[in-house]
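Asker: Below is one structure. I have some questions about it.
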There are 2 protein chains.
Amino acid sequence: MRQSELFTKTRKEAPKDETAKNAKLLIRSGFIHKEMAGAYAYLPLGYRVLQRICGIIRDEMNGIGGQELHLTSLQDKRVWEKTGRWSDEVIDNWFKTTLSAGGEVGLATTHEEPLTNLMTEFIHSYKDLPAYVYQFQTKFRNEKRAKSGIMRGREFLMKDLYSFSRSQEEHSAFYEEAKNAYIRIFDRAGIGERTFFTSASGGSFSPYSHEFQTLTDAGEDTIYLDRTRKIAVNDEIYSEDVLKDLGLLKDDLEKVTAVEVGNIFSLGTKFSDAFGLTYIDETNEKRPVIMGSYGIGPGRLMGAIVEVLGGKNEMIWPKEVAPFDLHLIQLSDDEQTKSEAEALYQKLTQLGVEVLWDDRAVSAGAKFADADLIGIPSRAVVSTKALEAGGVEFTDRIEDSVEVVASEVIINRYVTE
Amino acid sequence: MRQSELFTKTRKEAPKDETAKNAKLLIRSGFIHKEMAGAYAYLPLGYRVLQRICGIIRDEMNGIGGQELHLTSLQDKRVWEKTGRWSDEVIDNWFKTTLSAGGEVGLATTHEEPLTNLMTEFIHSYKDLPAYVYQFQTKFRNEKRAKSGIMRGREFLMKDLYSFSRSQEEHSAFYEEAKNAYIRIFDRAGIGERTFFTSASGGSFSPYSHEFQTLTDAGEDTIYLDRTRKIAVNDEIYSEDVLKDLGLLKDDLEKVTAVEVGNIFSLGTKFSDAFGLTYIDETNEKRPVIMGSYGIGPGRLMGAIVEVLGGKNEMIWPKEVAPFDLHLIQLSDDEQTKSEAEALYQKLTQLGVEVLWDDRAVSAGAKFADADLIGIPSRAVVSTKALEAGGVEFTDRIEDSVEVVASEVIINRYVTE
């Protein structure tokens, strides 16, 4: 798209009430807007990043057999009373409100209850299993404080997948597949190298749950990391017994601060028991369904990427999540520069490459400052100087390389990718 | 996808508490699940239809210069007090709740206030205009009754676009463009022929607003339709003066029942005045921004399509919104039939055609009954009988045609489309 048409603008200063780096940088670049503490609107550039992150997650969830659906935000009190989680003492961050027709409703903090309830309609026989179901849906949590920008909100997007299996073995095999899908997601989102599979506290049905923790000082968690083996243990369960159980040696561990960007849980039969979610097996016996849940907050992941890769006045998005594939910067308004920029824009757009074309009548300095902040990793500068040198100046900001090349070279780069 | 893996099943009977045809049929086909009155979950097949409808709308909104963003559901009381619409007497279907940190918040019934407020950050000069901004976002409305299935919910998806223009002329030109985009959307969604541009009551800034009304007995509106000219007037403003003003003749009009599937409004400066959304024009004069709003509920549109095209035990989705492009029905389990079905499935999938392959071990009768209900418009039946006749039985349910053709003919159909 033409940058002259983009309605958002960058700003020099972050709002004074923002303390989180991700929020400061994303507000300055015009990616998000704070509606209130813990609730952010996603503006066009930010929404593009969020959608690309969702695209990666969707791709990987479909790859392991996930079927996408969309549950409701409004929650029926009677459904949640079956597990006792309607109580504010059990879930302490409910938003609840009243129907004008009478009766209380809640806003979903999570979706185990409504989904397990729904699945009792469809799961009866071993032939109906396994089933893997996921959604991208807003969660509402009535947090006392919300100071981590888009990393912890009162309203935020969550991808939650739930698995329904016939046996512990079938569950464990899928749990491993989900773990590997998560590793691929964080790799593709550009923070794989600093994201670690971390054991954390389990529940009644499993000694441990697992988190994916990304190293950053902005994190809320402390983990003990074995860098060589790429695994960690959360401070909340850190003890000599646990280390022994996990085969970790105290001397190999490093105490670091991290943010949880994903988690996977074995739920056992906790929810199936509450809702009577059972199936008839091959020998005509009734058995409970074994469940698991697998969460990633796409907005939190986006915030973590900024915490890790953002600088004081600049950002470099990993390629697969960048708002555009290429930032085309036109530095002057003479006929040759303009037509060269337009031709490159048209050709790339026809190839399906998403290009942000800075065609604005502002100074070169302003254009580069904005481009640094917006953070598109590949940049092509069309200027009289570059045209005289025989082409277009192409910068790969991730590789930190600059070269003047013929525009065909840039086009070929995207054709072969 | 393989139908044996789809976790939803069809059911013979609709739930007794459903009165709306759209809800009955969509629950029977496993497209939706009722969470509570006025709040429906979209199951995989239903979510695919909803996403395809959103895809058409997004395409047309981008085509007229719309920029997509995503506002919040949680709403700040202070923002809404600026127009007086926080009051339950002005908006009578608010859901409101309380922050644990103190203070009231609302759940967005619509988004004029937060967006106008947001735009004051970005619009200052005539160079910043026009701007066209849209989103797909959940709206919450605390309706007293909710008996129309997915056509009127307490929680529903809405596409709302807002226009920000420099002058009445610029606004009117865009209003006409938006109108034409809407006409294309309803055409592509398969109900264009029975959807009519309808004048309805305006506001303080415009004598009329406009609705797109689809003829169906399930509608809540009465309109007076001039079939020849393809325009109508809503009962709510029907009078001799209005007919005269609109150039309509009483004798040409037919009184019909219809459902509103879209609406477009001229908002004038109502919201810009409340938020001080002004710009400096070319002559350095401060002027208010002229606004418009343009809504379509994708779920309501989906419900209207079912009301119009659904039968007692069957549905035929228009091609562009069908959950899959082709329903491939394999009628027996012998080696030849199976490998023919699988080969066709693989080839089409590789071409990007979305195929639902009924590979289940159930009777032919059950497969056809399910296929009729699920409603995919194109059907390919692989059976020993069809193979003996030299190919695959292809049914175009919209054209109501059946023929036995070589599988290459089916593949070519999708290559050339």
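Ligands are numbered from 1 in the order shown, residues from 1 within each chain, and chains are lettered A, B, ... in the order they appear in the structure tokens.
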Would you write out chain A as a short mmCIF file (atom, residue, chain, number, x, y, z; two decimals) with C-alpha atoms, in the first residue's frame, after superposing it on chain B by least squares over all in-order Cα pairs?

Answerer:
data_model
loop_
_atom_site.label_atom_id
_atom_site.label_comp_id
_atom_site.auth_asym_id
_atom_site.auth_seq_id
_atom_site.Cartn_x
_atom_site.Cartn_y
_atom_site.Cartn_z
CA MET A 1 -10.62 -32.81 4.70
CA ARG A 2 -11.70 -36.36 5.39
CA GLN A 3 -15.24 -36.40 6.75
CA SER A 4 -14.32 -39.33 9.00
CA GLU A 5 -12.10 -36.90 10.90
CA LEU A 6 -14.64 -34.08 11.20
CA PHE A 7 -15.75 -34.14 14.83
CA THR A 8 -19.24 -32.75 14.24
CA LYS A 9 -22.17 -34.89 13.19
CA THR A 10 -25.54 -34.05 11.73
CA ARG A 11 -28.70 -34.68 13.71
CA LYS A 12 -32.19 -35.65 12.61
CA GLU A 13 -34.10 -33.28 14.86
CA ALA A 14 -33.62 -29.65 15.75
CA PRO A 15 -33.67 -28.73 19.44
CA LYS A 16 -37.21 -28.02 20.62
CA ASP A 17 -36.35 -24.56 21.96
CA GLU A 18 -35.27 -23.23 18.55
CA THR A 19 -37.92 -21.48 16.50
CA ALA A 20 -35.81 -19.82 13.79
CA LYS A 21 -35.30 -21.84 10.61
CA ASN A 22 -31.66 -20.73 10.28
CA ALA A 23 -30.80 -21.97 13.78
CA LYS A 24 -32.70 -25.24 13.35
CA LEU A 25 -31.01 -26.11 10.08
CA LEU A 26 -27.53 -24.95 11.15
CA ILE A 27 -27.70 -26.90 14.41
CA ARG A 28 -28.94 -30.01 12.60
CA SER A 29 -26.05 -29.80 10.11
CA GLY A 30 -23.49 -29.28 12.89
CA PHE A 31 -22.58 -25.75 11.76
CA ILE A 32 -23.40 -23.96 15.01
CA HIS A 33 -24.00 -24.69 18.69
CA LYS A 34 -26.27 -22.69 20.95
CA GLU A 35 -24.37 -21.56 24.02
CA MET A 36 -27.34 -19.59 25.36
CA ALA A 37 -30.19 -17.61 23.81
CA GLY A 38 -28.58 -15.14 21.43
CA ALA A 39 -25.05 -16.56 21.66
CA TYR A 40 -23.94 -19.24 19.22
CA ALA A 41 -20.60 -20.99 18.77
CA TYR A 42 -19.50 -21.57 15.18
CA LEU A 43 -18.37 -25.15 14.63
CA PRO A 44 -15.81 -26.02 11.89
CA LEU A 45 -18.25 -26.13 8.93
CA GLY A 46 -20.12 -23.03 10.09
CA TYR A 47 -16.92 -21.18 10.86
CA ARG A 48 -15.70 -21.88 7.32
CA VAL A 49 -18.85 -20.28 5.88
CA LEU A 50 -18.51 -17.30 8.24
CA GLN A 51 -14.85 -16.85 7.25
CA ARG A 52 -15.69 -17.03 3.55
CA ILE A 53 -18.35 -14.36 4.01
CA CYS A 54 -15.79 -12.23 5.88
CA GLY A 55 -13.35 -12.84 3.03
CA ILE A 56 -15.79 -11.43 0.45
CA ILE A 57 -16.51 -8.41 2.64
CA ARG A 58 -12.80 -7.79 3.35
CA ASP A 59 -12.03 -8.00 -0.35
CA GLU A 60 -14.68 -5.41 -1.20
CA MET A 61 -13.76 -3.12 1.70
CA ASN A 62 -10.09 -3.17 0.67
CA GLY A 63 -11.24 -2.48 -2.89
CA ILE A 64 -12.75 0.87 -1.86
CA GLY A 65 -9.70 1.86 0.17
CA GLY A 66 -10.64 0.47 3.57
CA GLN A 67 -7.85 -0.08 6.11
CA GLU A 68 -8.47 -2.90 8.56
CA LEU A 69 -7.89 -2.49 12.27
CA HIS A 70 -9.28 -4.08 15.43
CA LEU A 71 -10.75 -2.06 18.29
CA THR A 72 -11.43 -3.36 21.77
CA SER A 73 -14.61 -4.82 23.27
CA LEU A 74 -14.01 -3.24 26.68
CA GLN A 75 -15.15 0.37 26.56
CA ASP A 76 -14.09 3.37 28.61
CA LYS A 77 -17.04 5.14 30.22
CA ARG A 78 -15.35 8.57 29.83
CA VAL A 79 -15.17 8.19 26.05
CA TRP A 80 -18.88 7.42 25.72
CA GLU A 81 -19.92 10.19 28.08
CA LYS A 82 -18.70 12.68 25.46
CA THR A 83 -21.70 11.86 23.26
CA GLY A 84 -24.07 11.03 26.11
CA ARG A 85 -24.37 7.46 24.83
CA TRP A 86 -23.02 5.91 28.04
CA SER A 87 -26.49 6.47 29.45
CA ASP A 88 -28.76 3.41 29.50
CA GLU A 89 -31.58 5.66 28.44
CA VAL A 90 -29.80 6.51 25.18
CA ILE A 91 -28.38 3.05 24.45
CA ASP A 92 -30.76 0.64 26.15
CA ASN A 93 -28.88 -2.60 25.49
CA TRP A 94 -25.49 -2.03 27.13
CA PHE A 95 -23.72 -4.82 28.95
CA LYS A 96 -21.73 -3.14 31.71
CA THR A 97 -19.39 -4.60 34.26
CA THR A 98 -16.92 -3.50 36.92
CA LEU A 99 -13.13 -3.44 36.92
CA SER A 100 -11.60 -5.11 39.95
CA ALA A 101 -9.25 -2.12 40.02
CA GLY A 102 -12.36 0.09 40.35
CA GLY A 103 -14.66 1.76 37.83
CA GLU A 104 -17.29 0.71 35.32
CA VAL A 105 -16.58 -0.57 31.80
CA GLY A 106 -18.96 -1.41 28.96
CA LEU A 107 -18.89 -4.04 26.23
CA ALA A 108 -19.00 -2.36 22.81
CA THR A 109 -22.46 -2.29 21.22
CA THR A 110 -20.93 -0.29 18.33
CA HIS A 111 -17.65 1.62 17.86
CA GLU A 112 -18.26 5.21 16.68
CA GLU A 113 -17.06 6.73 19.95
CA PRO A 114 -13.75 4.91 20.45
CA LEU A 115 -12.84 5.22 16.77
CA THR A 116 -13.62 8.94 16.49
CA ASN A 117 -11.64 9.48 19.67
CA LEU A 118 -8.72 7.47 18.24
CA MET A 119 -8.77 9.37 14.94
CA THR A 120 -8.21 12.70 16.72
CA GLU A 121 -4.63 11.45 17.19
CA PHE A 122 -4.05 11.02 13.47
CA ILE A 123 -6.23 13.55 11.65
CA HIS A 124 -5.05 17.17 11.75
CA SER A 125 -4.66 18.36 8.17
CA TYR A 126 -6.53 18.01 4.87
CA LYS A 127 -3.56 15.84 3.86
CA ASP A 128 -4.66 13.24 6.44
CA LEU A 129 -8.03 12.83 4.72
CA PRO A 130 -10.03 11.03 3.49
CA ALA A 131 -9.61 7.94 5.68
CA TYR A 132 -11.64 4.73 5.50
CA VAL A 133 -11.26 2.38 8.41
CA TYR A 134 -12.98 -0.92 9.15
CA GLN A 135 -12.91 -3.94 11.39
CA PHE A 136 -14.54 -7.29 12.04
CA GLN A 137 -15.29 -7.28 15.72
CA THR A 138 -17.76 -8.79 18.18
CA LYS A 139 -20.61 -6.56 19.30
CA PHE A 140 -22.46 -7.22 22.55
CA ARG A 141 -26.08 -6.17 22.89
CA ASN A 142 -28.16 -6.94 25.92
CA GLU A 143 -31.33 -7.80 23.97
CA LYS A 144 -34.50 -8.59 25.94
CA ARG A 145 -35.40 -11.36 23.50
CA ALA A 146 -33.26 -13.36 21.08
CA LYS A 147 -35.33 -15.71 18.97
CA SER A 148 -34.00 -15.20 15.45
CA GLY A 149 -31.09 -17.66 15.61
CA ILE A 150 -27.87 -16.14 14.31
CA MET A 151 -29.80 -13.23 12.75
CA ARG A 152 -30.08 -11.33 16.04
CA GLY A 153 -27.74 -12.13 18.87
CA ARG A 154 -26.58 -10.84 22.21
CA GLU A 155 -23.06 -11.43 20.91
CA PHE A 156 -22.37 -11.30 17.19
CA LEU A 157 -19.71 -10.45 14.64
CA MET A 158 -19.98 -7.14 12.81
CA LYS A 159 -18.01 -5.60 9.98
CA ASP A 160 -18.18 -1.88 10.54
CA LEU A 161 -16.49 0.63 8.27
CA TYR A 162 -16.28 4.33 9.09
CA SER A 163 -15.49 7.08 6.58
CA PHE A 164 -13.79 10.38 7.40
CA SER A 165 -14.16 12.99 4.67
CA ARG A 166 -13.23 16.62 4.08
CA SER A 167 -16.53 17.74 2.62
CA GLN A 168 -20.10 16.73 1.96
CA GLU A 169 -19.18 16.09 -1.71
CA GLU A 170 -16.28 13.82 -0.80
CA HIS A 171 -18.56 12.01 1.66
CA SER A 172 -21.35 11.56 -0.91
CA ALA A 173 -18.97 10.17 -3.53
CA PHE A 174 -17.66 7.58 -1.05
CA TYR A 175 -21.19 6.76 0.15
CA GLU A 176 -22.03 5.83 -3.44
CA GLU A 177 -18.88 3.68 -3.71
CA ALA A 178 -19.74 1.91 -0.45
CA LYS A 179 -23.28 1.31 -1.71
CA ASN A 180 -21.91 -0.34 -4.85
CA ALA A 181 -19.44 -2.43 -2.83
CA TYR A 182 -22.38 -3.64 -0.73
CA ILE A 183 -24.33 -4.59 -3.86
CA ARG A 184 -21.33 -6.66 -5.00
CA ILE A 185 -21.06 -8.33 -1.57
CA PHE A 186 -24.70 -9.50 -1.57
CA ASP A 187 -24.35 -10.66 -5.19
CA ARG A 188 -21.26 -12.70 -4.36
CA ALA A 189 -22.96 -14.08 -1.23
CA GLY A 190 -25.74 -15.41 -3.47
CA ILE A 191 -28.70 -13.31 -2.32
CA GLY A 192 -28.21 -10.27 -4.57
CA GLU A 193 -31.36 -10.87 -6.58
CA ARG A 194 -33.60 -10.63 -3.56
CA THR A 195 -31.74 -7.89 -1.71
CA PHE A 196 -32.91 -4.31 -2.19
CA PHE A 197 -31.50 -0.87 -1.49
CA THR A 198 -34.00 0.62 0.96
CA SER A 199 -34.43 4.14 2.29
CA ALA A 200 -34.92 4.28 6.05
CA SER A 201 -34.93 6.94 8.72
CA GLY A 202 -31.93 9.24 8.79
CA GLY A 203 -30.59 11.27 11.66
CA SER A 204 -29.92 14.87 12.43
CA PHE A 205 -27.52 15.15 9.49
CA SER A 206 -29.28 13.36 6.69
CA PRO A 207 -32.93 12.88 5.74
CA TYR A 208 -32.41 9.15 5.10
CA SER A 209 -30.14 6.29 5.97
CA HIS A 210 -30.06 3.24 3.72
CA GLU A 211 -30.52 -0.43 4.37
CA PHE A 212 -30.03 -3.53 2.29
CA GLN A 213 -33.13 -5.63 2.83
CA THR A 214 -33.37 -9.29 1.84
CA LEU A 215 -36.83 -10.66 1.18
CA THR A 216 -37.75 -13.43 3.62
CA ASP A 217 -40.69 -14.17 5.85
CA ALA A 218 -38.23 -14.53 8.70
CA GLY A 219 -37.44 -10.83 8.49
CA GLU A 220 -38.36 -8.35 11.20
CA ASP A 221 -38.96 -5.45 8.81
CA THR A 222 -41.74 -4.41 6.48
CA ILE A 223 -40.69 -2.59 3.32
CA TYR A 224 -42.48 -1.17 0.29
CA LEU A 225 -40.68 -2.44 -2.80
CA ASP A 226 -40.57 -1.17 -6.35
CA ARG A 227 -39.40 -4.40 -7.99
CA THR A 228 -38.80 -2.86 -11.40
CA ARG A 229 -36.50 -0.14 -10.10
CA LYS A 230 -35.03 -2.44 -7.41
CA ILE A 231 -35.47 0.12 -4.64
CA ALA A 232 -37.61 0.15 -1.51
CA VAL A 233 -38.66 2.26 1.41
CA ASN A 234 -38.87 1.06 5.01
CA ASP A 235 -42.29 1.05 6.65
CA GLU A 236 -40.87 3.20 9.47
CA ILE A 237 -40.72 6.26 7.17
CA TYR A 238 -43.49 5.33 4.71
CA SER A 239 -45.62 8.40 3.97
CA GLU A 240 -46.89 10.28 0.93
CA ASP A 241 -44.30 13.02 1.45
CA VAL A 242 -41.44 10.52 1.57
CA LEU A 243 -42.68 8.71 -1.55
CA LYS A 244 -42.80 12.02 -3.35
CA ASP A 245 -39.35 12.95 -2.12
CA LEU A 246 -37.91 9.61 -3.31
CA GLY A 247 -39.83 9.72 -6.60
CA LEU A 248 -41.73 6.52 -5.84
CA LEU A 249 -45.30 5.85 -6.91
CA LYS A 250 -47.65 4.16 -4.45
CA ASP A 251 -49.10 1.91 -7.15
CA ASP A 252 -45.70 0.52 -8.08
CA LEU A 253 -45.02 -0.64 -4.53
CA GLU A 254 -45.42 -4.06 -3.00
CA LYS A 255 -45.58 -4.52 0.78
CA VAL A 256 -43.13 -7.30 1.73
CA THR A 257 -41.32 -8.74 4.75
CA ALA A 258 -37.55 -8.56 4.75
CA VAL A 259 -34.45 -8.75 6.93
CA GLU A 260 -31.88 -5.98 7.06
CA VAL A 261 -28.51 -7.44 6.03
CA GLY A 262 -26.57 -4.19 5.82
CA ASN A 263 -26.90 -0.49 6.47
CA ILE A 264 -25.12 2.71 5.56
CA PHE A 265 -25.43 5.99 7.45
CA SER A 266 -24.39 9.56 6.93
CA LEU A 267 -23.27 10.71 10.37
CA GLY A 268 -22.45 14.29 9.45
CA THR A 269 -20.44 15.95 12.22
CA LYS A 270 -22.30 14.38 15.15
CA PHE A 271 -19.29 12.42 16.40
CA SER A 272 -16.56 14.75 15.09
CA ASP A 273 -18.17 17.63 17.01
CA ALA A 274 -18.33 15.62 20.22
CA PHE A 275 -14.65 14.68 20.04
CA GLY A 276 -13.29 17.82 18.39
CA LEU A 277 -12.26 15.88 15.29
CA THR A 278 -11.35 18.73 12.95
CA TYR A 279 -8.78 19.40 10.26
CA ILE A 280 -7.00 22.44 8.83
CA ASP A 281 -7.94 22.90 5.18
CA GLU A 282 -5.84 24.27 2.27
CA THR A 283 -6.75 27.84 3.25
CA ASN A 284 -5.64 27.28 6.86
CA GLU A 285 -9.19 27.15 8.15
CA LYS A 286 -10.36 24.67 10.79
CA ARG A 287 -13.22 22.41 9.64
CA PRO A 288 -15.10 19.47 11.15
CA VAL A 289 -14.63 16.02 9.61
CA ILE A 290 -17.70 14.53 7.87
CA MET A 291 -18.34 10.93 8.88
CA GLY A 292 -20.29 7.93 7.66
CA SER A 293 -20.74 4.38 8.97
CA TYR A 294 -21.31 1.19 7.01
CA GLY A 295 -22.29 -2.08 8.71
CA ILE A 296 -22.78 -5.71 7.76
CA GLY A 297 -23.20 -8.56 10.24
CA PRO A 298 -21.50 -11.58 8.65
CA GLY A 299 -23.42 -13.97 10.94
CA ARG A 300 -26.72 -12.28 10.19
CA LEU A 301 -25.93 -12.52 6.48
CA MET A 302 -25.18 -16.23 6.92
CA GLY A 303 -28.51 -16.66 8.71
CA ALA A 304 -30.36 -14.77 5.96
CA ILE A 305 -28.78 -17.02 3.30
CA VAL A 306 -30.14 -20.06 5.15
CA GLU A 307 -33.59 -18.51 5.55
CA VAL A 308 -33.70 -17.86 1.80
CA LEU A 309 -32.02 -20.97 0.40
CA GLY A 310 -32.61 -23.64 3.03
CA GLY A 311 -35.26 -26.38 2.68
CA LYS A 312 -36.78 -28.72 5.21
CA ASN A 313 -33.92 -31.21 5.19
CA GLU A 314 -31.43 -29.61 2.87
CA MET A 315 -29.39 -26.55 2.13
CA ILE A 316 -27.55 -25.41 -0.99
CA TRP A 317 -24.86 -22.82 -0.22
CA PRO A 318 -23.94 -20.30 -2.91
CA LYS A 319 -20.53 -21.28 -4.32
CA GLU A 320 -18.50 -18.42 -2.90
CA VAL A 321 -19.66 -18.98 0.70
CA ALA A 322 -19.94 -22.79 0.77
CA PRO A 323 -17.90 -24.50 3.51
CA PHE A 324 -16.09 -26.53 0.83
CA ASP A 325 -15.84 -26.26 -2.96
CA LEU A 326 -16.71 -29.91 -3.55
CA HIS A 327 -18.28 -32.75 -1.61
CA LEU A 328 -16.55 -35.94 -2.72
CA ILE A 329 -18.70 -38.91 -1.77
CA GLN A 330 -17.15 -42.35 -1.84
CA LEU A 331 -19.91 -44.95 -1.90
CA SER A 332 -18.11 -48.22 -1.36
CA ASP A 333 -14.94 -49.46 0.21
CA ASP A 334 -13.53 -51.66 -2.57
CA GLU A 335 -10.00 -50.98 -3.73
CA GLN A 336 -10.90 -49.35 -7.07
CA THR A 337 -13.50 -46.93 -5.66
CA LYS A 338 -11.23 -46.01 -2.79
CA SER A 339 -8.19 -45.32 -4.94
CA GLU A 340 -10.24 -43.36 -7.49
CA ALA A 341 -11.66 -41.19 -4.68
CA GLU A 342 -8.27 -40.71 -3.07
CA ALA A 343 -6.61 -39.78 -6.38
CA LEU A 344 -9.30 -37.20 -7.13
CA TYR A 345 -9.03 -35.81 -3.59
CA GLN A 346 -5.26 -35.48 -3.79
CA LYS A 347 -5.25 -33.82 -7.22
CA LEU A 348 -7.93 -31.29 -6.32
CA THR A 349 -6.37 -30.49 -2.95
CA GLN A 350 -3.03 -29.84 -4.66
CA LEU A 351 -4.82 -27.39 -6.94
CA GLY A 352 -6.06 -25.52 -3.88
CA VAL A 353 -9.64 -26.77 -4.24
CA GLU A 354 -11.22 -27.32 -0.81
CA VAL A 355 -12.74 -30.79 -0.78
CA LEU A 356 -14.77 -32.55 1.91
CA TRP A 357 -14.21 -36.26 1.26
CA ASP A 358 -16.88 -38.52 2.73
CA ASP A 359 -14.74 -41.56 3.44
CA ARG A 360 -16.92 -42.77 6.32
CA ALA A 361 -18.10 -46.37 6.70
CA VAL A 362 -21.81 -45.53 6.69
CA SER A 363 -24.67 -46.27 4.29
CA ALA A 364 -25.15 -44.42 0.99
CA GLY A 365 -28.47 -43.14 2.33
CA ALA A 366 -26.82 -41.63 5.40
CA LYS A 367 -24.12 -40.04 3.24
CA PHE A 368 -26.61 -38.39 0.89
CA ALA A 369 -28.85 -37.20 3.73
CA ASP A 370 -25.82 -35.59 5.40
CA ALA A 371 -24.58 -34.10 2.13
CA ASP A 372 -28.02 -32.59 1.47
CA LEU A 373 -28.00 -30.99 4.91
CA ILE A 374 -24.37 -29.78 4.82
CA GLY A 375 -25.20 -28.11 1.53
CA ILE A 376 -22.02 -28.07 -0.54
CA PRO A 377 -23.28 -27.06 -4.00
CA SER A 378 -21.02 -29.32 -6.10
CA ARG A 379 -20.92 -33.04 -5.51
CA ALA A 380 -18.82 -35.84 -7.00
CA VAL A 381 -19.92 -39.41 -6.29
CA VAL A 382 -17.38 -42.19 -6.74
CA SER A 383 -19.08 -45.60 -6.90
CA THR A 384 -18.68 -48.92 -8.68
CA LYS A 385 -21.74 -48.01 -10.76
CA ALA A 386 -20.27 -44.66 -11.87
CA LEU A 387 -16.86 -46.24 -12.53
CA GLU A 388 -18.54 -48.84 -14.76
CA ALA A 389 -20.24 -45.98 -16.62
CA GLY A 390 -16.79 -44.53 -17.22
CA GLY A 391 -16.24 -42.00 -14.50
CA VAL A 392 -17.55 -40.05 -11.56
CA GLU A 393 -21.11 -38.78 -11.05
CA PHE A 394 -20.96 -34.99 -10.85
CA THR A 395 -23.91 -33.02 -9.51
CA ASP A 396 -24.25 -29.27 -9.70
CA ARG A 397 -26.96 -28.77 -7.08
CA ILE A 398 -27.48 -25.12 -8.02
CA GLU A 399 -28.06 -25.93 -11.71
CA ASP A 400 -29.78 -29.17 -10.68
CA SER A 401 -27.73 -31.14 -13.24
CA VAL A 402 -26.19 -34.62 -12.99
CA GLU A 403 -23.72 -36.24 -15.35
CA VAL A 404 -21.15 -39.04 -15.30
CA VAL A 405 -17.81 -37.62 -16.40
CA ALA A 406 -14.15 -38.64 -16.35
CA SER A 407 -12.41 -37.32 -13.24
CA GLU A 408 -10.21 -35.13 -15.50
CA VAL A 409 -13.34 -33.23 -16.48
CA ILE A 410 -13.99 -32.38 -12.84
CA ILE A 411 -10.37 -31.35 -12.34
CA ASN A 412 -10.47 -29.15 -15.45
CA ARG A 413 -13.60 -27.46 -14.19
CA TYR A 414 -11.64 -26.15 -11.19
CA VAL A 415 -8.50 -25.33 -13.17
CA THR A 416 -10.41 -23.05 -15.53
CA GLU A 417 -12.63 -21.44 -12.89
#

Asker: Where in range 51-101 of chain B does DSSP assign strand (DSSP E), given as a ChimeraX atom specification?

Answerer: /B:67-68,74-76,95-98

Asker: Limited to C-alpha atoms, could you put the picked residues into a file as a PDB file, in the first residue's frame?

Answerer:
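Output (part.pdb):
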ATOM      1  CA  GLN B  67      -7.845  -0.071   6.110  1.00  0.00           C
ATOM      2  CA  GLU B  68      -8.475  -2.888   8.573  1.00  0.00           C
ATOM      3  CA  LEU B  74     -14.028  -3.238  26.679  1.00  0.00           C
ATOM      4  CA  GLN B  75     -15.162   0.378  26.572  1.00  0.00           C
ATOM      5  CA  ASP B  76     -14.106   3.374  28.610  1.00  0.00           C
ATOM      6  CA  PHE B  95     -23.730  -4.826  28.941  1.00  0.00           C
ATOM      7  CA  LYS B  96     -21.742  -3.135  31.712  1.00  0.00           C
ATOM      8  CA  THR B  97     -19.395  -4.603  34.262  1.00  0.00           C
ATOM      9  CA  THR B  98     -16.928  -3.499  36.917  1.00  0.00           C
TER      10      THR B  98
END

Asker: Got a sec to tell me which of range 198-301 of chain B DSSP assigns to helix (DSSP H, G or I), as a list of chain:residue names?

Answerer: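 So, restricting range 198-301 of chain B to helix (DSSP H, G or I), we get B:Asp235, B:Glu236, B:Ile237, B:Glu240, B:Asp241, B:Val242, B:Leu243, B:Lys244, B:Asp245, B:Leu246, B:Lys250, B:Asp251, B:Asp252, B:Lys270, B:Phe271, B:Ser272, B:Asp273, B:Ala274, B:Phe275, B:Pro298, B:Gly299, B:Arg300, B:Leu301.
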